[in-house]
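Visitor: What follows is entry_31.cif, made up of mmCIF, C-alpha atoms:
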data_my_file
#
loop_
_atom_site.label_atom_id
_atom_site.label_comp_id
_atom_site.auth_asym_id
_atom_site.auth_seq_id
_atom_site.Cartn_x
_atom_site.Cartn_y
_atom_site.Cartn_z
CA MET A 1 19.84 4.61 18.46
CA GLU A 2 17.25 3.45 15.94
CA ARG A 3 15.12 5.90 14.02
CA CYS A 4 11.97 6.95 15.87
CA ASP A 5 8.68 7.28 14.00
CA ARG A 6 9.08 10.99 13.25
CA VAL A 7 12.49 11.96 14.60
CA TYR A 8 15.57 11.12 12.57
CA GLN A 9 18.88 9.93 13.96
CA ASP A 10 20.72 12.91 12.53
CA GLU A 11 18.37 15.31 14.33
CA ILE A 12 18.82 13.52 17.66
CA SER A 13 22.58 13.64 17.10
CA LEU A 14 22.34 17.45 17.32
CA ALA A 15 20.87 17.26 20.82
CA PRO A 16 23.13 17.97 23.80
CA GLU A 17 25.28 15.01 24.82
CA ILE A 18 23.61 14.79 28.21
CA VAL A 19 20.21 14.47 26.52
CA ARG A 20 21.48 11.86 24.06
CA ASP A 21 22.81 9.80 26.97
CA PHE A 22 19.42 10.04 28.67
CA LEU A 23 17.53 8.96 25.54
CA HIS A 24 19.87 6.00 25.14
CA TYR A 25 19.24 5.04 28.78
CA VAL A 26 15.43 5.12 28.56
CA GLN A 27 15.38 3.17 25.30
CA VAL A 28 18.04 0.54 25.98
CA ILE A 29 17.99 0.14 29.77
CA ARG A 30 14.37 0.97 30.61
CA GLY A 31 13.02 -0.51 27.37
CA LYS A 32 10.80 2.44 26.45
CA SER A 33 9.18 2.45 23.02
CA LYS A 34 10.50 4.53 20.14
CA LEU A 35 7.46 6.77 20.40
CA THR A 36 8.11 7.42 24.10
CA VAL A 37 11.77 8.21 23.38
CA GLU A 38 10.67 10.63 20.69
CA GLU A 39 8.26 12.35 23.06
CA TYR A 40 11.05 12.70 25.66
CA TYR A 41 13.28 14.25 23.00
CA LEU A 42 10.68 16.76 21.82
CA ASP A 43 9.65 17.70 25.37
CA LEU A 44 13.23 18.33 26.45
CA LYS A 45 13.97 20.35 23.31
CA THR A 46 10.94 22.53 24.03
CA PHE A 47 11.89 22.93 27.69
CA PHE A 48 15.51 23.93 27.08
CA ARG A 49 14.59 26.31 24.28
CA PHE A 50 12.20 27.96 26.73
CA ILE A 51 14.96 28.14 29.36
CA LYS A 52 17.25 29.90 26.90
CA ILE A 53 14.56 32.49 26.16
CA HIS A 54 13.57 32.77 29.84
CA ARG A 55 17.18 33.36 30.85
CA GLN A 56 17.67 35.83 27.97
CA MET A 57 20.40 33.63 26.55
CA VAL A 58 19.10 34.27 23.02
CA ASP A 59 17.54 37.24 21.30
CA LYS A 60 13.74 37.26 21.70
CA SER A 61 13.39 37.85 17.95
CA THR A 62 15.07 34.51 17.20
CA PRO A 63 12.58 32.14 15.52
CA TRP A 64 11.67 29.26 17.80
CA ASP A 65 12.97 26.55 15.46
CA GLU A 66 16.32 28.36 15.17
CA ILE A 67 17.06 28.45 18.89
CA ASP A 68 20.25 26.42 19.34
CA TRP A 69 20.00 24.16 22.37
CA SER A 70 22.96 21.91 21.54
CA GLY A 71 25.13 23.64 24.16
CA VAL A 72 22.95 22.68 27.12
CA ASP A 73 25.17 21.05 29.74
CA ILE A 74 25.16 20.07 33.39
CA ALA A 75 26.36 23.54 34.42
CA LEU A 76 23.19 25.10 33.03
CA ILE A 77 20.99 22.29 34.31
CA LYS A 78 22.30 22.80 37.86
CA THR A 79 20.89 26.35 37.82
CA ILE A 80 17.34 25.24 36.98
CA THR A 81 14.83 25.58 39.81
CA LEU A 82 11.29 24.44 40.44
CA SER A 83 10.21 28.03 39.78
CA ASP A 84 11.69 27.79 36.28
CA VAL A 85 9.64 24.66 35.64
CA TYR A 86 6.44 26.33 36.81
CA GLU A 87 7.22 29.23 34.47
CA PHE A 88 7.60 26.67 31.69
CA MET A 89 4.22 25.11 32.48
CA THR A 90 2.61 28.56 32.42
CA TYR A 91 4.22 29.15 29.04
CA CYS A 92 2.84 25.82 27.79
CA ILE A 93 -0.68 26.93 28.76
CA ASN A 94 -0.60 30.53 27.56
CA GLU A 95 1.65 30.34 24.51
CA ARG A 96 1.35 26.77 23.26
CA GLY A 97 -2.21 26.05 24.34
CA ASN A 98 -1.24 22.72 25.89
CA LYS A 99 -4.06 20.87 27.60
CA ALA A 100 -3.67 19.08 30.91
CA ALA A 101 -2.83 15.75 29.27
CA THR A 102 0.03 17.28 27.27
CA ARG A 103 1.36 19.14 30.30
CA ALA A 104 1.14 15.95 32.33
CA ARG A 105 3.33 14.23 29.74
CA LYS A 106 5.85 17.07 29.84
CA THR A 107 5.86 16.86 33.63
CA SER A 108 6.57 13.14 33.43
CA THR A 109 9.42 13.77 30.99
CA LEU A 110 11.07 16.32 33.26
CA ARG A 111 10.67 14.16 36.35
CA THR A 112 12.21 11.20 34.55
CA PHE A 113 15.08 13.28 33.14
CA PHE A 114 16.01 15.00 36.40
CA GLY A 115 15.54 11.75 38.31
CA TYR A 116 18.03 10.12 35.92
CA LEU A 117 20.58 12.90 36.48
CA THR A 118 20.14 12.73 40.26
CA ASN A 119 19.68 9.06 41.09
CA LYS A 120 21.36 7.24 38.21
CA MET A 121 24.21 9.52 37.19
CA GLY A 122 24.82 11.41 40.45
CA LEU A 123 25.26 14.66 38.53
CA LEU A 124 22.77 16.55 40.72
CA SER A 125 22.78 16.54 44.51
CA VAL A 126 19.19 17.80 44.66
CA ASN A 127 16.39 17.01 42.23
CA PRO A 128 14.71 20.38 41.48
CA VAL A 129 11.49 18.78 40.21
CA GLN A 130 11.07 16.24 43.00
CA ASP A 131 7.99 18.10 44.29
CA LEU A 132 6.61 18.95 40.84
CA GLU A 133 2.94 17.97 40.77
CA VAL A 134 1.28 16.41 37.75
CA PRO A 135 -1.53 18.60 36.31
CA LYS A 136 -4.95 17.25 37.16
CA GLN A 137 -6.73 15.77 34.18
CA GLN A 138 -10.45 15.52 33.73
CA LYS A 139 -11.33 11.85 33.72
CA LYS A 140 -13.33 10.95 30.64
CA LEU A 141 -14.99 7.66 29.92
CA PRO A 142 -13.56 6.05 26.78
CA LYS A 143 -15.55 6.23 23.57
CA TYR A 144 -16.57 2.88 22.17
CA LEU A 145 -18.95 1.23 19.71
CA THR A 146 -22.02 -0.73 20.70
CA LEU A 147 -22.41 -4.36 19.70
CA ASP A 148 -24.77 -3.46 16.83
CA GLU A 149 -22.36 -0.78 15.60
CA CYS A 150 -19.52 -3.30 15.62
CA LEU A 151 -21.56 -5.68 13.49
CA GLU A 152 -22.43 -2.86 11.09
CA LEU A 153 -18.78 -1.83 10.85
CA LEU A 154 -17.72 -5.36 9.95
CA SER A 155 -20.50 -5.68 7.37
CA VAL A 156 -19.38 -2.68 5.29
CA ILE A 157 -15.79 -3.85 4.71
CA ASP A 158 -15.31 -4.49 1.00
CA GLY A 159 -12.96 -3.88 -1.87
CA PRO A 160 -9.86 -5.57 -3.30
CA ASN A 161 -8.37 -6.09 0.18
CA ARG A 162 -11.59 -7.23 1.82
CA GLU A 163 -10.16 -10.36 3.49
CA ARG A 164 -7.16 -8.49 4.86
CA ASP A 165 -9.16 -5.51 6.10
CA TYR A 166 -11.85 -7.72 7.63
CA CYS A 167 -9.19 -9.69 9.49
CA ILE A 168 -7.56 -6.49 10.74
CA MET A 169 -10.88 -5.10 11.99
CA THR A 170 -11.74 -8.43 13.62
CA PHE A 171 -8.41 -8.45 15.46
CA PHE A 172 -8.97 -4.89 16.69
CA LEU A 173 -12.50 -5.56 17.93
CA ASN A 174 -11.76 -8.93 19.53
CA CYS A 175 -8.20 -8.69 20.80
CA GLY A 176 -7.92 -5.00 21.65
CA LEU A 177 -4.58 -4.58 19.87
CA ARG A 178 -2.80 -1.26 19.60
CA LEU A 179 -2.17 0.05 16.08
CA SER A 180 1.59 -0.48 16.29
CA GLU A 181 1.07 -3.97 17.70
CA LEU A 182 -1.12 -5.02 14.80
CA CYS A 183 1.17 -3.60 12.12
CA GLY A 184 4.14 -5.29 13.76
CA LEU A 185 2.63 -8.78 13.68
CA ASN A 186 4.61 -11.50 11.90
CA LEU A 187 3.48 -14.82 10.46
CA SER A 188 5.60 -16.53 13.10
CA ASP A 189 3.55 -14.84 15.84
CA ILE A 190 0.61 -17.12 15.06
CA GLY A 191 0.77 -20.15 17.32
CA GLN A 192 -0.47 -23.66 16.60
CA ASP A 193 -2.49 -23.46 19.84
CA HIS A 194 -4.62 -20.59 18.51
CA THR A 195 -2.49 -17.95 20.22
CA LEU A 196 -1.06 -14.69 18.96
CA ARG A 197 2.28 -13.36 20.19
CA VAL A 198 2.01 -9.59 20.59
CA VAL A 199 4.92 -7.21 21.18
CA GLY A 200 3.61 -4.21 23.10
CA LYS A 201 5.05 -1.07 24.65
CA GLY A 202 8.64 -1.34 25.74
CA ASN A 203 9.03 -4.55 23.69
CA LYS A 204 7.03 -6.44 26.30
CA GLU A 205 5.52 -9.63 24.95
CA ARG A 206 2.13 -11.06 25.77
CA MET A 207 0.03 -13.91 24.46
CA VAL A 208 -3.50 -13.37 23.18
CA TYR A 209 -5.83 -16.25 22.38
CA LEU A 210 -7.64 -16.01 19.05
CA ASN A 211 -11.36 -16.76 19.22
CA ALA A 212 -13.43 -18.40 16.48
CA ALA A 213 -14.12 -15.10 14.69
CA CYS A 214 -10.40 -14.24 14.58
CA LEU A 215 -9.40 -17.70 13.39
CA SER A 216 -12.04 -17.67 10.65
CA ALA A 217 -11.01 -14.20 9.45
CA LEU A 218 -7.32 -15.15 9.61
CA GLU A 219 -7.87 -18.32 7.60
CA ALA A 220 -9.72 -16.37 4.88
CA TYR A 221 -6.95 -13.78 4.70
CA LEU A 222 -4.07 -16.27 4.58
CA LYS A 223 -5.68 -17.94 1.56
CA VAL A 224 -5.34 -14.73 -0.46
CA ARG A 225 -2.21 -13.26 1.15
CA PRO A 226 0.42 -12.74 -1.58
CA HIS A 227 3.36 -15.12 -1.72
CA ASP A 228 5.30 -14.07 -4.82
CA GLY A 229 7.31 -10.87 -4.82
CA VAL A 230 6.69 -10.15 -1.14
CA ILE A 231 9.27 -7.70 0.21
CA ASP A 232 8.59 -8.17 3.93
CA LYS A 233 8.16 -11.93 3.99
CA LYS A 234 7.84 -12.07 7.79
CA ALA A 235 4.98 -9.54 7.99
CA LEU A 236 1.48 -10.89 8.57
CA PHE A 237 -0.43 -7.99 7.04
CA LEU A 238 0.85 -6.69 3.70
CA SER A 239 0.13 -3.52 1.76
CA SER A 240 -0.76 -3.49 -1.93
CA ARG A 241 2.98 -3.02 -2.58
CA LYS A 242 3.65 -6.31 -0.77
CA LYS A 243 5.41 -4.54 2.10
CA ARG A 244 4.51 -4.60 5.78
CA ILE A 245 1.32 -2.60 6.15
CA SER A 246 1.86 0.88 7.60
CA ASN A 247 0.07 2.63 10.44
CA LYS A 248 -1.34 5.21 8.02
CA THR A 249 -2.78 2.56 5.69
CA VAL A 250 -4.60 0.87 8.56
CA GLN A 251 -5.84 4.19 9.95
CA HIS A 252 -7.19 5.16 6.53
CA MET A 253 -8.97 1.83 6.15
CA VAL A 254 -10.60 2.19 9.56
CA TYR A 255 -11.76 5.76 8.90
CA VAL A 256 -13.20 4.82 5.51
CA SER A 257 -15.05 1.87 7.05
CA LEU A 258 -16.43 4.05 9.86
CA GLU A 259 -17.75 6.50 7.27
CA LYS A 260 -19.42 3.70 5.30
CA ALA A 261 -21.04 2.42 8.49
CA GLY A 262 -22.42 5.88 9.29
CA LEU A 263 -20.13 6.23 12.29
CA GLY A 264 -17.81 8.88 10.92
CA ASN A 265 -19.18 11.64 13.16
CA ARG A 266 -18.63 9.74 16.40
CA GLY A 267 -15.04 10.80 16.95
CA MET A 268 -13.94 7.19 16.64
CA SER A 269 -10.40 6.10 15.83
CA VAL A 270 -8.26 2.98 15.73
CA HIS A 271 -7.52 3.35 19.44
CA LYS A 272 -11.25 3.62 20.18
CA LEU A 273 -11.62 0.14 18.69
CA ARG A 274 -9.29 -1.04 21.47
CA HIS A 275 -11.68 0.59 23.97
CA THR A 276 -14.54 -1.17 22.21
CA ALA A 277 -12.89 -4.58 22.57
CA ALA A 278 -12.34 -4.05 26.29
CA THR A 279 -15.90 -2.86 26.76
CA MET A 280 -17.32 -5.85 24.88
CA MET A 281 -15.32 -8.22 27.10
CA TYR A 282 -16.33 -6.48 30.32
CA GLN A 283 -19.99 -5.67 29.66
CA HIS A 284 -21.08 -8.54 27.45
CA GLY A 285 -18.55 -11.22 28.32
CA HIS A 286 -18.39 -10.40 32.05
CA VAL A 287 -14.64 -10.98 31.95
CA ASP A 288 -12.69 -10.25 35.13
CA ILE A 289 -10.97 -6.87 34.92
CA ARG A 290 -7.62 -8.46 35.84
CA VAL A 291 -7.88 -10.75 32.82
CA ILE A 292 -8.72 -7.79 30.56
CA LYS A 293 -5.60 -6.06 31.92
CA ASP A 294 -3.45 -8.93 30.68
CA VAL A 295 -5.24 -9.13 27.32
CA LEU A 296 -4.69 -5.41 26.67
CA GLY A 297 -1.12 -5.47 27.97
CA HIS A 298 -1.68 -2.78 30.60
CA GLU A 299 1.13 -2.40 33.11
CA ASN A 300 -1.13 -1.24 35.93
CA LEU A 301 -4.62 -2.38 36.86
CA GLY A 302 -5.62 1.26 37.39
CA THR A 303 -5.34 1.84 33.63
CA THR A 304 -7.83 -0.95 32.97
CA GLU A 305 -10.28 -0.02 35.72
CA ILE A 306 -11.72 2.80 33.62
CA TYR A 307 -13.86 0.15 31.92
CA THR A 308 -15.50 -0.78 35.23
CA HIS A 309 -17.01 2.70 35.40
CA LEU A 310 -18.90 2.35 32.13
CA SER A 311 -21.89 0.47 33.53
CA ASN A 312 -22.26 2.87 36.46
CA ALA A 313 -22.15 5.84 34.10
CA GLN A 314 -24.77 4.25 31.87
CA MET A 315 -27.07 3.62 34.84
CA GLU A 316 -26.67 7.21 35.94
CA GLN A 317 -27.47 8.41 32.44
CA ALA A 318 -30.55 6.16 32.33
CA THR A 319 -32.09 7.75 35.42
CA SER A 320 -31.13 11.24 34.21
CA SER A 321 -32.92 10.57 30.92
CA ASN A 322 -36.21 9.91 32.69
CA PRO A 323 -38.71 12.62 31.64
CA LEU A 324 -39.46 13.20 35.32
CA ALA A 325 -35.80 13.79 36.14
CA GLN A 326 -36.16 17.59 36.21
CA VAL A 327 -39.48 17.78 38.03
CA LYS A 328 -39.14 19.61 41.37
CA PRO A 329 -41.69 19.96 44.20
CA LYS A 330 -43.76 23.10 44.31
CA GLN A 331 -42.52 25.70 46.77
#
Please express what this file holds, its structure, as structure tokens.

Guide:
Amino acid sequence: MERCDRVYQDEISLAPEIVRDFLHYVQVIRGKSKLTVEEYYLDLKTFFRFIKIHRQMVDKSTPWDEIDWSGVDIALIKTITLSDVYEFMTYCINERGNKAATRARKTSTLRTFFGYLTNKMGLLSVNPVQDLEVPKQQKKLPKYLTLDECLELLSVIDGPNRERDYCIMTFFLNCGLRLSELCGLNLSDIGQDHTLRVVGKGNKERMVYLNAACLSALEAYLKVRPHDGVIDKKALFLSSRKKRISNKTVQHMVYVSLEKAGLGNRGMSVHKLRHTAATMMYQHGHVDIRVIKDVLGHENLGTTEIYTHLSNAQMEQATSSNPLAQVKPKQ
């Protein structure tokens, strides 16, 4: 298995064999991203360490990181009940301070893992987490920049890598790319028909059409993109060391630009620029939500439909902001 972003191969090799087989299955057969595989690994390690404490299989004084979970096998897994999982979720709330979104991810991990053991491998006759409910999450509207704020953000980009950084920001704001998608772009992904081949989650490919702003920014960047001494010759965006640009470098550039534009206190991030692109297309471009789904590379339309609620929320806020909004009739 390839190295995940933060989990090394040698660490995964210490996981129980049954977990390693599962991780191999979700990455190779189901085509899950490296980040998703890593999250599965960390969630299962946390869960089984909890089980060992819960079942008093280790001394309570044992430091958490020293709890050996390498011996977890199907015999132990067969004894796990839905009650154990609920105890684990309670532990995640009280001891680890996990919010609903984090617990929902852990729930998904356990359901996928036990489903694999039951339906794919036939190692369990009954799935103990079949009726496990996903924690309810408070639905929040995505944060995004206004059109004027986008223009201000683009105007402050400067420095020795101005053309590169301006092109990156333009791609984020116009194409709604994920951070990993942008950093993974190759020169060969640029099509002669003004298209961009994007490799998204689970190595799924999609085609994005580059508009005039993207093409102009790309042309300016390619004129100054280094040619001599380039280490990653395939990479579209290069760092100052002439290697493929890293996630951290792009994140730093975005945060610095947000600060320069006076938007540093808005809780914005690279991913919020993706929200901004979708919002610009829906509100200002009046693009069909199904088209936006394909542009963003969403698997389900429900994920994209959050952007349809923005206008309704804004209209509600408008009437609530009326100075007469709190006036009540005299009793």

Visitor: So which residues touch stretch 108-118 of chain A within 7 Å, counting all atoms listed in the file, skipping near sequence neighbours fewer than 2 positions away, as a list in words?

Guide: Tyr40, Asp43, Ala104, Arg105, Lys106, Lys120, Met121, Gly122, Leu123, Leu124, Ser125, Val126, Asn127, Val129 and Gln130 of chain A

Visitor: Using the chain letters and numbers from the file, which residues does the PyMOL selection byres ((chain A and resi 171) around 9) grab, as a VMD selection string?

Guide: chain A and resid 166 to 170 172 to 177 182 210 213 to 214 217 to 218

Visitor: Create the file for the chosen residues now, containing C-alpha atoms and written as a PDB file, in the coordinates of the input.

Guide:
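Output file out_21.pdb is given in full below:
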ATOM      1  CA  TYR A 166     -11.850  -7.720   7.630  1.00  0.00           C
ATOM      2  CA  CYS A 167      -9.190  -9.690   9.490  1.00  0.00           C
ATOM      3  CA  ILE A 168      -7.560  -6.490  10.740  1.00  0.00           C
ATOM      4  CA  MET A 169     -10.880  -5.100  11.990  1.00  0.00           C
ATOM      5  CA  THR A 170     -11.740  -8.430  13.620  1.00  0.00           C
ATOM      6  CA  PHE A 172      -8.970  -4.890  16.690  1.00  0.00           C
ATOM      7  CA  LEU A 173     -12.500  -5.560  17.930  1.00  0.00           C
ATOM      8  CA  ASN A 174     -11.760  -8.930  19.530  1.00  0.00           C
ATOM      9  CA  CYS A 175      -8.200  -8.690  20.800  1.00  0.00           C
ATOM     10  CA  GLY A 176      -7.920  -5.000  21.650  1.00  0.00           C
ATOM     11  CA  LEU A 177      -4.580  -4.580  19.870  1.00  0.00           C
ATOM     12  CA  LEU A 182      -1.120  -5.020  14.800  1.00  0.00           C
ATOM     13  CA  LEU A 210      -7.640 -16.010  19.050  1.00  0.00           C
ATOM     14  CA  ALA A 213     -14.120 -15.100  14.690  1.00  0.00           C
ATOM     15  CA  CYS A 214     -10.400 -14.240  14.580  1.00  0.00           C
ATOM     16  CA  ALA A 217     -11.010 -14.200   9.450  1.00  0.00           C
ATOM     17  CA  LEU A 218      -7.320 -15.150   9.610  1.00  0.00           C
TER      18      LEU A 218
END

Visitor: For a quick check of understanding, using all atoms listed in the file, which of A:Arg274, A:Arg20, A:Arg96, A:Arg30 has the smallest distance to A:Phe50?

Guide: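 Of the candidates, the smallest distance to A:Phe50 is held by A:Arg96.
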
Visitor: Atom CA of A:Leu187 and atom CA of A:Leu236, how far apart in Å?

Guide: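 For atom CA of A:Leu236 relative to atom CA of A:Leu187, the distance reads 4.8 Å.
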
Visitor: With the PyMOL selection byres ((chain A and resi 24) around 12) as the selection, what would be picked from this file? Answer as a ChimeraX atom specification, please.

Guide: /A:1-2,9,12-13,17-23,25-34,36-38,40-41,113,116

Visitor: Which of these residues is nearest to A:Thr79, using all atoms listed in the file: A:Ala278, A:Met207, A:Val58, A:Ile51?

Guide: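 Ranking A:Ala278, A:Met207, A:Val58, A:Ile51 by distance to A:Thr79, first place goes to A:Ile51.
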
Visitor: Run the PyMOL selection byres ((chain A and resi 224) around 12) on the file and write out the hits as a list in words.

Guide: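 Taken over the shown coordinates, the PyMOL selection byres ((chain A and resi 224) around 12) returns Pro160, Asn161, Arg162, Glu163, Arg164, Asp165, Cys167, Ala217, Leu218, Glu219, Ala220, Tyr221, Leu222, Lys223, Arg225, Pro226, His227, Asp228, Leu236, Phe237 and Leu238 of chain A.
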
Visitor: Have a look at atom CA of A:Val72 and atom CA of A:His54 and let me know their distance in Å, one decimal.

Guide: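 Atom CA of A:His54 lies at a distance of 14.0 Å from atom CA of A:Val72.
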
Visitor: Kindly give the distance, in Å, that separates atom CA of A:Lys143 and atom CA of A:His298, rounded to a single decimal.

Guide: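 These two atoms are separated by 18.0 Å.
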
Visitor: Tell me which protein, DNA and RNA residues are within 10 Å of A:Thr279, counting all atoms listed in the file, leaving out same-chain ones fewer than 2 positions away, and put them as a list in words.

Guide: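 So, after excluding close chain neighbours, the residues are Pro142, Lys143, Tyr144, Leu145, Thr146, Leu147, Leu173, Gly176, Leu273, Arg274, His275, Thr276, Ala277, Met281, Tyr282, Gln283, His284, Gly285, His286, Val287, Ile292, Ile306, Tyr307, Thr308, Leu310 and Ser311 of chain A.
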
Visitor: Considering all atoms listed in the file, state which residue in the set A:Val254, A:Cys183, A:Val295, A:Cys150 is at the smallest distance from A:Val208.

Guide: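 For A:Val208, the nearest of the given residues is A:Val295.
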
Visitor: Identify, on the basis of all atoms listed in the file, every residue whose closest approach to A:Asp232 does not exceed 8 Å; exclude the query and any residue fewer than 6 positions from it along the same chain; express the result as number ranges by chain.

Guide: A: 238, 242-244

Visitor: Hey, which of A:Leu76, A:Met57, A:Leu82, A:Leu35 ends up closest to A:Ser180? Count all atoms listed in the file.

Guide: A:Leu35

Visitor: Can you take stretch 121-151 of chain A from the block and write C-alpha atoms as a short mmCIF file (atom, residue, chain, number, x, y, z; two decimals), in the first residue's frame?

Guide:
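The file below, part_34.cif, is the result:
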data_model
loop_
_atom_site.label_atom_id
_atom_site.label_comp_id
_atom_site.auth_asym_id
_atom_site.auth_seq_id
_atom_site.Cartn_x
_atom_site.Cartn_y
_atom_site.Cartn_z
CA MET A 121 -15.48 -11.85 3.76
CA GLY A 122 -18.24 -13.85 5.46
CA LEU A 123 -16.34 -13.78 8.74
CA LEU A 124 -19.35 -12.54 10.72
CA SER A 125 -22.83 -14.05 10.55
CA VAL A 126 -24.40 -10.93 12.07
CA ASN A 127 -23.29 -7.34 11.60
CA PRO A 128 -23.30 -5.80 15.11
CA VAL A 129 -23.40 -2.21 13.81
CA GLN A 130 -26.11 -2.71 11.20
CA ASP A 131 -28.53 -0.57 13.23
CA LEU A 132 -25.93 1.98 14.32
CA GLU A 133 -27.31 5.45 13.64
CA VAL A 134 -25.20 8.30 12.34
CA PRO A 135 -25.01 11.24 14.80
CA LYS A 136 -27.15 14.15 13.67
CA GLN A 137 -25.11 17.09 12.46
CA GLN A 138 -26.17 20.69 12.51
CA LYS A 139 -26.48 21.82 8.93
CA LYS A 140 -24.44 24.94 8.31
CA LEU A 141 -24.42 27.03 5.19
CA PRO A 142 -20.95 27.11 3.62
CA LYS A 143 -18.80 30.18 4.08
CA TYR A 144 -17.89 31.96 0.88
CA LEU A 145 -16.57 35.25 -0.47
CA THR A 146 -18.68 37.83 -2.24
CA LEU A 147 -17.89 38.90 -5.79
CA ASP A 148 -16.21 42.12 -4.58
CA GLU A 149 -14.15 40.17 -2.05
CA CYS A 150 -13.00 37.78 -4.78
CA LEU A 151 -11.84 40.71 -6.89
#
